[in-house]
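To be precise, the following lines are entry.cif, and they hold mmCIF, C-alpha atoms.
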data_start
#
loop_
_atom_site.label_atom_id
_atom_site.label_comp_id
_atom_site.auth_asym_id
_atom_site.auth_seq_id
_atom_site.Cartn_x
_atom_site.Cartn_y
_atom_site.Cartn_z
CA MET V 179 0.00 0.00 0.00
CA TYR V 180 2.82 2.42 0.92
CA ARG V 181 4.44 1.90 -2.50
CA LYS V 182 1.18 2.74 -4.27
CA VAL V 183 0.79 5.97 -2.30
CA ASP V 184 4.48 6.78 -2.90
CA LEU V 185 3.84 6.48 -6.63
CA SER V 186 0.78 8.76 -6.41
CA MET V 187 2.82 11.31 -4.46
CA CYS V 188 5.57 11.15 -7.13
CA ARG V 189 2.99 11.94 -9.80
CA LEU V 190 1.77 14.83 -7.66
CA MET V 191 5.36 16.12 -7.33
CA VAL V 192 5.77 16.21 -11.11
CA ALA V 193 2.33 17.81 -11.61
CA GLN V 194 3.13 20.52 -9.05
CA TRP V 195 6.44 21.25 -10.77
CA ILE V 196 4.72 21.69 -14.16
CA PHE V 197 2.02 23.84 -12.55
CA ALA V 198 4.63 26.04 -10.84
CA ILE V 199 6.44 26.70 -14.14
CA ILE V 200 3.17 27.56 -15.89
CA ALA V 201 2.09 29.82 -12.98
CA ALA V 202 5.43 31.66 -12.86
CA THR V 203 5.37 32.17 -16.63
CA TRP V 204 1.76 33.35 -16.55
CA ILE V 205 1.73 35.63 -13.48
CA ALA V 206 4.97 37.64 -13.63
CA PRO V 207 7.40 36.44 -16.31
CA ARG V 208 9.59 39.54 -16.30
CA THR V 209 10.69 42.35 -13.99
CA TRP V 210 10.88 45.87 -15.36
CA ILE V 211 13.01 48.97 -14.89
CA GLY V 212 11.27 51.59 -17.00
CA THR V 213 11.28 50.22 -20.55
CA THR V 214 13.90 47.51 -19.99
CA SER V 215 13.10 44.09 -18.61
CA ALA V 216 14.72 40.85 -17.43
CA PRO V 217 13.34 37.38 -16.58
CA ASN V 218 11.70 37.29 -13.16
CA ILE V 219 13.45 35.34 -10.38
CA HIS V 220 10.17 33.38 -10.07
CA ILE V 221 10.87 31.63 -13.39
CA PHE V 222 14.23 30.34 -12.09
CA ALA V 223 12.66 29.43 -8.74
CA ALA V 224 9.89 27.44 -10.42
CA VAL V 225 12.30 25.55 -12.69
CA PHE V 226 15.31 24.91 -10.44
CA LEU V 227 13.93 25.13 -6.89
CA GLY V 228 10.87 23.19 -8.06
CA ALA V 229 13.14 20.50 -9.55
CA LEU V 230 15.06 20.31 -6.27
CA VAL V 231 11.95 20.07 -4.08
CA SER V 232 10.38 17.39 -6.31
CA GLY V 233 13.61 15.62 -7.30
CA PHE V 234 14.65 14.20 -3.94
CA PRO V 235 11.30 12.50 -3.20
CA LEU V 236 11.43 10.94 -6.69
CA LEU V 237 14.94 9.66 -5.93
CA MET V 238 13.75 8.29 -2.59
CA TYR V 239 10.91 6.47 -4.34
CA ARG V 240 13.41 4.98 -6.79
CA LEU V 241 15.79 3.83 -4.03
CA HIS V 242 13.50 3.18 -1.04
CA PRO V 243 9.91 2.65 -2.21
CA GLY V 244 7.46 1.89 0.59
CA GLU V 245 9.93 2.72 3.39
CA ALA V 246 9.08 5.02 6.28
CA VAL V 247 11.84 7.51 5.45
CA THR V 248 10.39 7.96 1.92
CA ARG V 249 6.98 8.82 3.38
CA HIS V 250 8.48 11.47 5.65
CA VAL V 251 10.51 12.97 2.78
CA MET V 252 7.26 13.16 0.76
CA ALA V 253 5.62 15.01 3.69
CA VAL V 254 8.45 17.55 4.01
CA SER V 255 8.55 18.05 0.24
CA GLN V 256 4.79 18.56 0.03
CA ILE V 257 4.90 21.35 2.63
CA LEU V 258 7.91 22.93 0.88
CA TRP V 259 5.72 22.92 -2.24
CA SER V 260 3.03 24.78 -0.31
CA ALA V 261 5.56 27.49 0.62
CA LEU V 262 6.87 27.71 -2.96
CA LEU V 263 3.42 27.85 -4.57
CA ILE V 264 2.20 30.47 -2.07
CA HIS V 265 5.19 32.56 -3.05
CA LEU V 266 4.82 32.07 -6.81
CA THR V 267 1.11 32.94 -6.75
CA GLY V 268 1.75 36.18 -4.88
CA GLY V 269 0.64 35.07 -1.42
CA ARG V 270 -2.93 34.54 -2.56
CA ILE V 271 -5.04 33.40 0.37
CA GLU V 272 -6.51 30.68 -1.88
CA THR V 273 -3.07 29.06 -2.30
CA HIS V 274 -2.77 28.68 1.48
CA PHE V 275 -5.41 25.94 1.14
CA HIS V 276 -2.66 23.87 -0.53
CA VAL V 277 -1.37 23.11 2.99
CA PHE V 278 -4.69 21.56 3.99
CA GLY V 279 -5.04 19.69 0.69
CA SER V 280 -1.51 18.33 1.15
CA LEU V 281 -2.34 16.97 4.61
CA ALA V 282 -5.35 15.17 3.11
CA PHE V 283 -3.15 13.65 0.40
CA LEU V 284 -0.58 12.55 3.00
CA ALA V 285 -3.35 10.89 5.01
CA PHE V 286 -3.64 8.32 2.18
CA TYR V 287 -0.55 6.70 3.73
CA ARG V 288 -2.66 5.85 6.79
CA ASP V 289 0.45 6.63 8.85
CA TRP V 290 -0.28 9.39 11.38
CA ARG V 291 3.46 10.01 11.95
CA VAL V 292 3.70 11.46 8.41
CA LEU V 293 1.10 14.09 9.34
CA ILE V 294 3.15 15.03 12.40
CA THR V 295 6.24 15.58 10.22
CA ALA V 296 4.26 17.82 7.85
CA THR V 297 2.77 19.78 10.77
CA VAL V 298 6.19 20.32 12.36
CA VAL V 299 7.49 21.77 9.07
CA VAL V 300 4.48 24.13 8.77
CA ALA V 301 4.80 25.24 12.41
CA ALA V 302 8.59 25.74 12.18
CA ASP V 303 8.22 27.84 9.00
CA HIS V 304 5.57 30.08 10.60
CA MET V 305 7.41 30.31 13.93
CA PHE V 306 10.78 31.38 12.48
CA ARG V 307 9.30 33.78 9.94
CA GLY V 308 6.83 35.12 12.53
CA ILE V 309 9.63 35.89 15.00
CA PHE V 310 12.33 37.14 12.63
CA TRP V 311 10.28 38.36 9.62
CA PRO V 312 6.65 38.88 10.60
CA GLN V 313 5.79 40.99 7.56
CA SER V 314 6.56 38.11 5.19
CA VAL V 315 3.97 35.85 6.80
CA PHE V 316 1.50 38.05 8.73
CA GLY V 317 1.74 41.31 6.70
CA VAL V 318 2.67 43.46 9.70
CA THR V 319 6.10 44.58 10.88
CA THR V 320 5.34 43.98 14.55
CA SER V 321 3.48 40.87 15.57
CA SER V 322 3.12 38.72 18.67
CA ASN V 323 5.81 36.05 18.89
CA TRP V 324 3.01 33.56 19.47
CA ARG V 325 0.81 34.29 16.45
CA TRP V 326 2.29 31.28 14.62
CA ILE V 327 0.51 29.09 17.17
CA GLU V 328 -2.86 30.28 15.82
CA HIS V 329 -1.83 29.20 12.30
CA ALA V 330 -0.40 25.89 13.50
CA GLY V 331 -3.59 25.39 15.54
CA TRP V 332 -5.74 25.25 12.39
CA VAL V 333 -3.37 22.67 10.91
CA ILE V 334 -3.59 20.61 14.11
CA PHE V 335 -7.39 20.94 13.90
CA GLU V 336 -7.30 19.09 10.57
CA ASP V 337 -4.67 16.68 11.89
CA ILE V 338 -6.99 15.53 14.68
CA VAL V 339 -9.57 14.36 12.13
CA LEU V 340 -7.00 12.86 9.77
CA VAL V 341 -5.04 11.04 12.51
CA GLN V 342 -8.29 9.49 13.77
CA SER V 343 -9.10 8.42 10.24
CA CYS V 344 -5.58 6.93 9.78
CA VAL V 345 -5.76 4.95 13.03
CA ARG V 346 -9.31 3.73 12.28
CA GLY V 347 -8.29 2.81 8.72
CA ASP V 348 -5.29 0.87 10.05
CA LEU V 349 -7.45 -1.02 12.56
CA GLU V 350 -10.03 -1.87 9.87
CA MET V 351 -7.29 -3.04 7.52
CA PHE V 352 -5.78 -5.18 10.28
CA SER V 353 -9.19 -6.61 11.13
CA ILE V 354 -9.93 -7.46 7.46
CA ALA V 355 -6.49 -9.05 7.06
CA ARG V 356 -6.99 -11.16 10.20
CA ARG V 357 -10.44 -12.27 9.03
CA GLN V 358 -9.02 -13.16 5.63
CA ALA V 359 -6.18 -15.12 7.23
CA THR V 360 -8.65 -17.00 9.46
CA ILE V 361 -10.82 -17.91 6.44
CA GLU V 362 -7.79 -19.05 4.43
CA ALA V 363 -6.46 -21.09 7.37
CA ALA V 364 -9.89 -22.71 7.83
CA LYS V 365 -10.07 -23.47 4.11
CA GLU V 366 -6.61 -25.08 4.14
CA THR V 367 -7.51 -27.14 7.23
CA THR V 368 -10.73 -28.35 5.56
CA GLU V 369 -8.88 -29.31 2.38
CA LEU V 370 -6.21 -31.11 4.38
CA ARG V 371 -8.88 -33.06 6.32
CA ARG V 372 -10.66 -33.94 3.08
CA GLU V 373 -7.43 -35.29 1.59
CA LEU V 374 -6.73 -37.32 4.74
CA TRP V 375 -10.30 -38.68 4.67
CA ARG V 376 -9.86 -39.76 1.04
CA LYS V 377 -6.65 -41.62 1.89
CA MET Z 35 22.25 -13.59 -4.88
CA ALA Z 36 22.81 -12.64 -1.24
CA ALA Z 37 20.12 -13.54 1.28
CA PRO Z 38 18.32 -10.60 2.97
CA ASN Z 39 19.97 -11.35 6.33
CA SER Z 40 23.48 -11.94 4.92
CA PRO Z 41 26.40 -9.57 5.78
CA VAL Z 42 26.62 -8.44 2.09
CA PHE Z 43 22.97 -7.37 2.08
CA GLY Z 44 23.47 -5.62 5.42
CA GLN Z 45 26.44 -3.65 4.05
CA VAL Z 46 24.45 -2.47 1.02
CA ARG Z 47 21.57 -1.44 3.29
CA ASN Z 48 23.89 0.45 5.66
CA ARG Z 49 25.52 2.25 2.71
CA ARG Z 50 22.07 3.29 1.44
CA HIS Z 51 21.07 4.58 4.86
CA LEU Z 52 24.35 6.50 5.09
CA GLY Z 53 23.52 8.01 1.68
CA ILE Z 54 20.12 9.18 2.97
CA ALA Z 55 21.71 10.58 6.15
CA ILE Z 56 24.07 12.68 3.98
CA LEU Z 57 21.66 13.66 1.20
CA LEU Z 58 18.65 14.52 3.38
CA PRO Z 59 20.18 17.51 5.25
CA ILE Z 60 21.83 18.76 2.02
CA TRP Z 61 18.48 18.65 0.20
CA LEU Z 62 16.64 20.32 3.05
CA GLY Z 63 19.36 22.98 3.43
CA LEU Z 64 19.31 23.83 -0.29
CA ALA Z 65 15.49 24.01 -0.37
CA VAL Z 66 15.38 26.29 2.71
CA ALA Z 67 18.15 28.47 1.21
CA GLY Z 68 16.18 28.76 -2.05
CA LEU Z 69 12.97 29.70 -0.27
CA SER Z 70 14.89 32.20 1.90
CA MET Z 71 16.28 33.85 -1.25
CA LEU Z 72 12.74 34.20 -2.54
CA ALA Z 73 11.68 35.73 0.78
CA VAL Z 74 14.57 38.23 0.58
CA TYR Z 75 13.45 39.17 -2.96
CA GLN Z 76 9.85 39.47 -1.75
CA MET Z 77 10.80 41.84 1.07
CA ARG Z 78 13.27 44.04 -0.82
CA ALA Z 79 11.59 47.45 -0.94
CA GLY Z 80 11.87 49.78 -3.93
CA ARG Z 81 12.89 53.43 -3.82
CA GLN Z 82 10.53 56.27 -3.03
CA PHE Z 83 10.93 60.00 -2.63
CA ALA Z 84 8.86 62.46 -0.60
CA ALA Z 85 5.52 63.28 -2.23
CA PRO Z 86 4.37 66.95 -2.05
CA THR Z 87 3.03 67.76 1.42
CA GLN Z 88 0.21 69.91 -0.01
CA LEU Z 89 -1.82 68.91 -3.07
CA ALA Z 90 -2.53 72.55 -4.06
CA ALA Z 91 1.15 72.93 -4.81
CA ILE Z 92 0.72 70.70 -7.85
CA ARG Z 93 -2.67 72.26 -8.83
CA GLU Z 94 -4.84 69.12 -8.67
CA PRO Z 95 -8.56 69.48 -7.84
CA THR Z 96 -9.76 67.78 -4.65
CA GLY Z 97 -13.06 67.28 -2.82
CA ARG Z 98 -12.65 64.24 -0.59
CA ALA Z 99 -9.68 62.16 0.49
CA THR Z 100 -7.78 61.15 -2.63
CA LEU Z 101 -5.36 58.30 -3.17
CA TYR Z 102 -2.84 58.73 -5.97
CA VAL Z 103 -1.35 55.48 -7.24
CA PHE Z 104 1.56 55.07 -9.65
CA LEU Z 105 2.00 51.84 -11.58
CA HIS Z 106 4.13 50.26 -14.26
CA PRO Z 107 1.68 48.68 -16.74
CA GLN Z 108 3.94 45.66 -17.40
CA CYS Z 109 4.78 44.98 -13.73
CA GLY Z 110 3.39 41.55 -12.83
CA CYS Z 111 4.02 42.20 -9.12
CA SER Z 112 1.64 45.18 -9.24
CA GLN Z 113 -1.32 42.86 -9.79
CA ALA Z 114 -1.14 42.44 -6.00
CA THR Z 115 -1.33 46.24 -5.56
CA VAL Z 116 -4.45 46.40 -7.75
CA SER Z 117 -6.01 43.53 -5.75
CA GLU Z 118 -5.35 45.48 -2.54
CA LEU Z 119 -6.80 48.66 -4.08
CA GLU Z 120 -9.96 46.72 -4.92
CA ARG Z 121 -10.19 45.69 -1.24
CA ILE Z 122 -9.59 49.26 -0.08
CA GLN Z 123 -12.30 50.44 -2.50
CA ALA Z 124 -14.77 47.92 -1.04
CA ASP Z 125 -13.84 48.75 2.58
CA THR Z 126 -14.05 52.53 2.18
CA ASN Z 127 -17.42 52.34 0.46
CA GLY Z 128 -16.82 55.09 -2.12
CA LYS Z 129 -15.56 57.64 0.43
CA LEU Z 130 -12.13 57.65 -1.19
CA ALA Z 131 -11.26 58.94 -4.66
CA MET Z 132 -8.59 56.94 -6.45
CA ARG Z 133 -6.45 58.20 -9.29
CA LEU Z 134 -4.19 55.69 -10.97
CA TYR Z 135 -1.31 56.82 -13.18
CA PHE Z 136 0.31 54.31 -15.51
CA GLU Z 137 3.76 55.24 -16.66
CA MET Z 138 4.10 54.83 -20.45
CA PRO Z 139 6.90 55.29 -22.95
CA THR Z 140 6.36 58.60 -24.77
CA SER Z 141 6.32 57.02 -28.25
CA ASP Z 142 4.59 53.67 -27.60
CA ARG Z 143 0.93 53.51 -26.44
CA SER Z 144 0.69 49.72 -26.81
CA TRP Z 145 1.25 49.39 -23.04
CA GLU Z 146 -2.35 50.54 -22.60
CA GLU Z 147 -3.30 47.01 -23.65
CA SER Z 148 -1.32 45.37 -20.82
CA PRO Z 149 -3.38 43.10 -18.48
CA LEU Z 150 -2.77 45.43 -15.51
CA TYR Z 151 -3.93 48.55 -17.37
CA VAL Z 152 -7.00 46.77 -18.77
CA ARG Z 153 -7.88 45.40 -15.32
CA ALA Z 154 -7.60 48.79 -13.62
CA SER Z 155 -9.53 50.53 -16.42
CA ALA Z 156 -12.44 48.15 -15.86
CA VAL Z 157 -13.06 49.57 -12.34
CA ARG Z 158 -15.52 52.42 -12.90
CA ALA Z 159 -14.84 54.12 -9.56
CA TRP Z 160 -11.19 54.75 -10.44
CA THR Z 161 -9.73 57.44 -12.65
CA VAL Z 162 -7.09 55.72 -14.77
CA THR Z 163 -4.66 57.93 -16.65
CA ALA Z 164 -1.70 57.18 -18.91
CA ASP Z 165 1.42 59.01 -17.79
CA PRO Z 166 3.68 59.32 -20.85
CA GLY Z 167 7.30 59.73 -19.84
CA GLY Z 168 6.36 59.40 -16.15
CA ARG Z 169 5.96 63.15 -15.59
CA ALA Z 170 3.24 62.81 -12.92
CA ALA Z 171 5.27 60.08 -11.19
CA VAL Z 172 8.24 62.44 -10.89
CA LYS Z 173 6.00 65.18 -9.38
CA PHE Z 174 4.80 62.79 -6.69
CA GLY Z 175 8.21 61.22 -5.98
CA ALA Z 176 7.09 57.80 -7.24
CA ALA Z 177 10.08 55.61 -8.16
CA THR Z 178 8.50 52.17 -7.72
CA SER Z 179 5.35 50.64 -9.19
CA GLY Z 180 2.73 50.41 -6.45
CA PHE Z 181 3.63 53.74 -4.84
CA THR Z 182 0.61 55.50 -3.33
CA ALA Z 183 0.13 58.93 -1.75
CA LEU Z 184 -2.97 59.75 0.33
CA PHE Z 185 -4.23 63.33 0.66
CA ASP Z 186 -7.07 64.53 2.88
CA SER Z 187 -9.98 66.64 1.59
CA ASN Z 188 -7.91 69.81 2.10
CA GLY Z 189 -5.10 68.44 -0.06
CA ARG Z 190 -2.73 67.75 2.86
CA LYS Z 191 -0.58 64.66 2.55
CA VAL Z 192 -1.27 62.14 5.30
CA PHE Z 193 0.46 59.02 4.03
CA GLN Z 194 2.75 57.66 1.34
CA GLY Z 195 4.05 54.18 0.51
CA GLY Z 196 2.92 50.74 -0.66
CA VAL Z 197 -0.25 48.78 0.10
CA THR Z 198 1.15 45.23 -0.16
CA PRO Z 199 3.05 43.23 2.47
CA GLY Z 200 5.76 42.24 -0.04
CA ARG Z 201 6.73 42.27 -3.69
CA GLY Z 202 3.88 40.76 -5.71
CA HIS Z 203 2.19 39.61 -2.51
CA GLU Z 204 -1.38 40.18 -1.48
CA GLY Z 205 -2.43 40.27 2.17
CA ASP Z 206 -2.71 42.50 5.23
CA SER Z 207 -0.35 45.46 5.18
CA ALA Z 208 0.23 48.56 7.27
CA GLY Z 209 -0.27 50.74 4.17
CA ALA Z 210 -3.73 49.43 3.30
CA ALA Z 211 -4.76 49.49 7.00
CA THR Z 212 -3.66 53.14 7.31
CA ILE Z 213 -5.66 54.25 4.25
CA ILE Z 214 -8.81 52.45 5.41
CA GLN Z 215 -8.46 53.75 9.00
CA PHE Z 216 -7.94 57.32 7.82
CA VAL Z 217 -11.00 57.30 5.56
CA LYS Z 218 -13.17 55.73 8.29
CA THR Z 219 -11.90 57.52 11.42
CA GLY Z 220 -9.45 60.23 10.36
CA ARG Z 221 -6.70 58.44 12.31
CA VAL Z 222 -3.29 57.87 10.70
CA LEU Z 223 -1.57 54.63 11.78
CA THR Z 224 1.71 55.31 9.98
CA ALA Z 225 2.96 58.08 7.71
CA ARG Z 226 5.11 55.91 5.45
CA THR Z 227 5.41 52.26 4.39
CA PRO Z 228 7.83 50.48 2.03
CA VAL Z 229 6.85 50.06 -1.64
CA PHE Z 230 7.32 46.75 -3.46
CA GLY Z 231 7.33 46.50 -7.25
CA CYS Z 232 9.22 47.13 -10.48
CA ALA Z 233 11.18 50.36 -10.85
CA LEU Z 234 9.50 53.25 -12.65
CA GLY Z 235 11.48 54.78 -15.52
CA ASN Z 236 12.63 58.21 -14.39
CA LEU Z 237 13.18 58.13 -10.63
CA GLY Z 238 13.45 54.35 -10.34
CA ARG Z 239 16.57 54.26 -12.47
CA THR Z 240 18.43 57.05 -10.65
#

Would you kindly transcribe this structure into structure tokens?
Amino acid sequence: MYRKVDLSMCRLMVAQWIFAIIAATWIAPRTWIGTTSAPNIHIFAAVFLGALVSGFPLLMYRLHPGEAVTRHVMAVSQILWSALLIHLTGGRIETHFHVFGSLAFLAFYRDWRVLITATVVVAADHMFRGIFWPQSVFGVTTSSNWRWIEHAGWVIFEDIVLVQSCVRGDLEMFSIARRQATIEAAKETTELRRELWRK
Amino acid sequence: MAAPNSPVFGQVRNRRHLGIAILLPIWLGLAVAGLSMLAVYQMRAGRQFAAPTQLAAIREPTGRATLYVFLHPQCGCSQATVSELERIQADTNGKLAMRLYFEMPTSDRSWEESPLYVRASAVRAWTVTADPGGRAAVKFGAATSGFTALFDSNGRKVFQGGVTPGRGHEGDSAGAATIIQFVKTGRVLTARTPVFGCALGNLGRT
């Protein structure tokens, strides 16, 4: 199951990279000084930084498919993508929903630890920028050092639902597997008895 | 082929884990450095000079509080400024006059077809004017696209600066909050904020 989700996440990584290049090209392809212009830094960020953010998870899938470390790299990468896309789309409030969509995607792993990794990355990003550079994240030059907790709180709010769903999904999967094993064992026992009876 | 629990298999596995332990922090460090560079770019303010303290000095008619805005029609980052102006327009409920000046080359009027110019022209409440050669921008001290100057009904300057929190970024900003507060209550939160955007031709290049 983990390998299948890894593969889906890899496809998502590539799709996000393509989307980022299109968005950067569409929104602000060039910077201007009067009548002269040069390519915008966003184009380079989308191509090279996007390749870096997506590239390592793809490598991890190639070398360690289905392993726990690959899942956590996917989680970190997905949140880095949120930060990059928010930047490339000009801080649009709508793009902030990418964080919540990403958590839902990561929940497909049915491994609650992956959600914790993603949440820690979100919280760390908001905490450091909130303390040292509040204007870049909250739009004001002076902000409470604890405002990042409010943002992280909404992420944790979603986590509570998703973690419950992961744990319940795991238990159901375990229960189905055990039932299946019991049925198969019973079937094998019956067949064995039938063969012994024939002999 | 080596069995999964053989020493050869164990060595290969350890080497792979060592590879991850080395590559993971390098990858994370490079990604954080890249995002930090973008943040530095986002927060690098453009130049601005002092706008006239009294509107009468430049012979412009006035009746209510007026916001003068100077934009580069090709500046993609200034889409965020226009988005913020739309919010200010909605929040102030028509109590604020807005005059937008778009700097144009003197010989080429094709910039009037740029997406930013077309978008701003579509807002009926705004007065959108082409500014060939950036003459009005020079009068107001505008050197960066997105520069705004707010004057009260008597033509006295109360604020100047940008209305976005960063270059090409929408969101709460001290500039937008000041303009809205002044129109609603007459209170000025700050007299000046940084401006984020492309450089305007005349003053931006100096």

I need the residue set behind the PyMOL selection byres ((chain Z) within 10 of (chain V)) for this file; please write it as an MDAnalysis selection string. chainID Z and resid 50:51 54 57:58 61:62 64:77 106:114 137:139 167:168 177:179 198:209 211 231:239

When the PyMOL selection byres ((chain V and resi 181) around 9) is applied to the structure above, which residues does it catch, written out as a ChimeraX atom specification? /V:179-180,182-186,239,243-245

Would you pick out the contacts of Thr163 (chain Z) at 7 Å or less, using only C-alpha atoms, so that residues sharing its chain but fewer than 6 positions from it are not included, and give the list as a ChimeraX atom specification? /Z:134-136

Counting all atoms listed in the file, what is within 9 Å of Met132 (chain Z), bar same-chain residues fewer than 2 positions away, as an MDAnalysis selection string? chainID Z and resid 99:103 119 123 130 134 159:162

Using all atoms listed in the file, what residues lie at most 12 Å away from (-2.2, 20.0, 0.8) (file coordinates), given as number ranges by chain? V: 187, 190-191, 194, 252-261, 263-264, 272-286, 293, 296-297, 300, 333, 336-337

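Proximity to Thr115 (chain Z) was assessed for Z:Thr182, Z:Ser155, Z:Thr87, Z:Ser141 counting all atoms listed in the file; the smallest distance is recorded for Z:Thr182.
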
At the level of N, CA and C atoms, write region 156-173 of chain Z to a file as a tab-separated table (two decimals), in the first residue's frame, please.
chain	number	residue	atom	x	y	z
Z	156	ALA	N	-11.11	48.74	-15.97
Z	156	ALA	CA	-12.44	48.15	-15.86
Z	156	ALA	C	-13.17	48.58	-14.58
Z	157	VAL	N	-12.42	49.13	-13.61
Z	157	VAL	CA	-13.06	49.57	-12.34
Z	157	VAL	C	-13.59	50.99	-12.55
Z	158	ARG	N	-14.90	51.12	-12.56
Z	158	ARG	CA	-15.52	52.42	-12.90
Z	158	ARG	C	-15.20	53.51	-11.88
Z	159	ALA	N	-15.04	53.11	-10.62
Z	159	ALA	CA	-14.84	54.12	-9.56
Z	159	ALA	C	-13.46	54.77	-9.64
Z	160	TRP	N	-12.56	54.21	-10.41
Z	160	TRP	CA	-11.19	54.75	-10.44
Z	160	TRP	C	-10.98	55.63	-11.67
Z	161	THR	N	-10.14	56.63	-11.50
Z	161	THR	CA	-9.73	57.44	-12.65
Z	161	THR	C	-8.37	56.92	-13.10
Z	162	VAL	N	-8.35	56.32	-14.27
Z	162	VAL	CA	-7.09	55.72	-14.77
Z	162	VAL	C	-6.54	56.62	-15.88
Z	163	THR	N	-5.27	57.00	-15.71
Z	163	THR	CA	-4.66	57.93	-16.65
Z	163	THR	C	-3.30	57.39	-17.11
Z	164	ALA	N	-3.04	57.51	-18.41
Z	164	ALA	CA	-1.70	57.18	-18.91
Z	164	ALA	C	-0.77	58.33	-18.57
Z	165	ASP	N	0.45	57.99	-18.21
Z	165	ASP	CA	1.42	59.01	-17.79
Z	165	ASP	C	2.66	58.91	-18.70
Z	166	PRO	N	2.56	59.45	-19.92
Z	166	PRO	CA	3.68	59.32	-20.85
Z	166	PRO	C	4.95	59.97	-20.31
Z	167	GLY	N	6.03	59.21	-20.33
Z	167	GLY	CA	7.30	59.73	-19.84
Z	167	GLY	C	7.40	59.81	-18.33
Z	168	GLY	N	6.34	59.43	-17.61
Z	168	GLY	CA	6.36	59.40	-16.15
Z	168	GLY	C	6.45	60.77	-15.49
Z	169	ARG	N	5.86	61.79	-16.14
Z	169	ARG	CA	5.96	63.15	-15.59
Z	169	ARG	C	5.22	63.29	-14.26
Z	170	ALA	N	4.00	62.73	-14.18
Z	170	ALA	CA	3.24	62.81	-12.92
Z	170	ALA	C	3.95	62.04	-11.82
Z	171	ALA	N	4.55	60.90	-12.18
Z	171	ALA	CA	5.27	60.08	-11.19
Z	171	ALA	C	6.41	60.89	-10.58
Z	172	VAL	N	7.12	61.62	-11.39
Z	172	VAL	CA	8.24	62.44	-10.89
Z	172	VAL	C	7.72	63.50	-9.92
Z	173	LYS	N	6.58	64.14	-10.25
Z	173	LYS	CA	6.00	65.18	-9.38
Z	173	LYS	C	5.68	64.64	-7.99
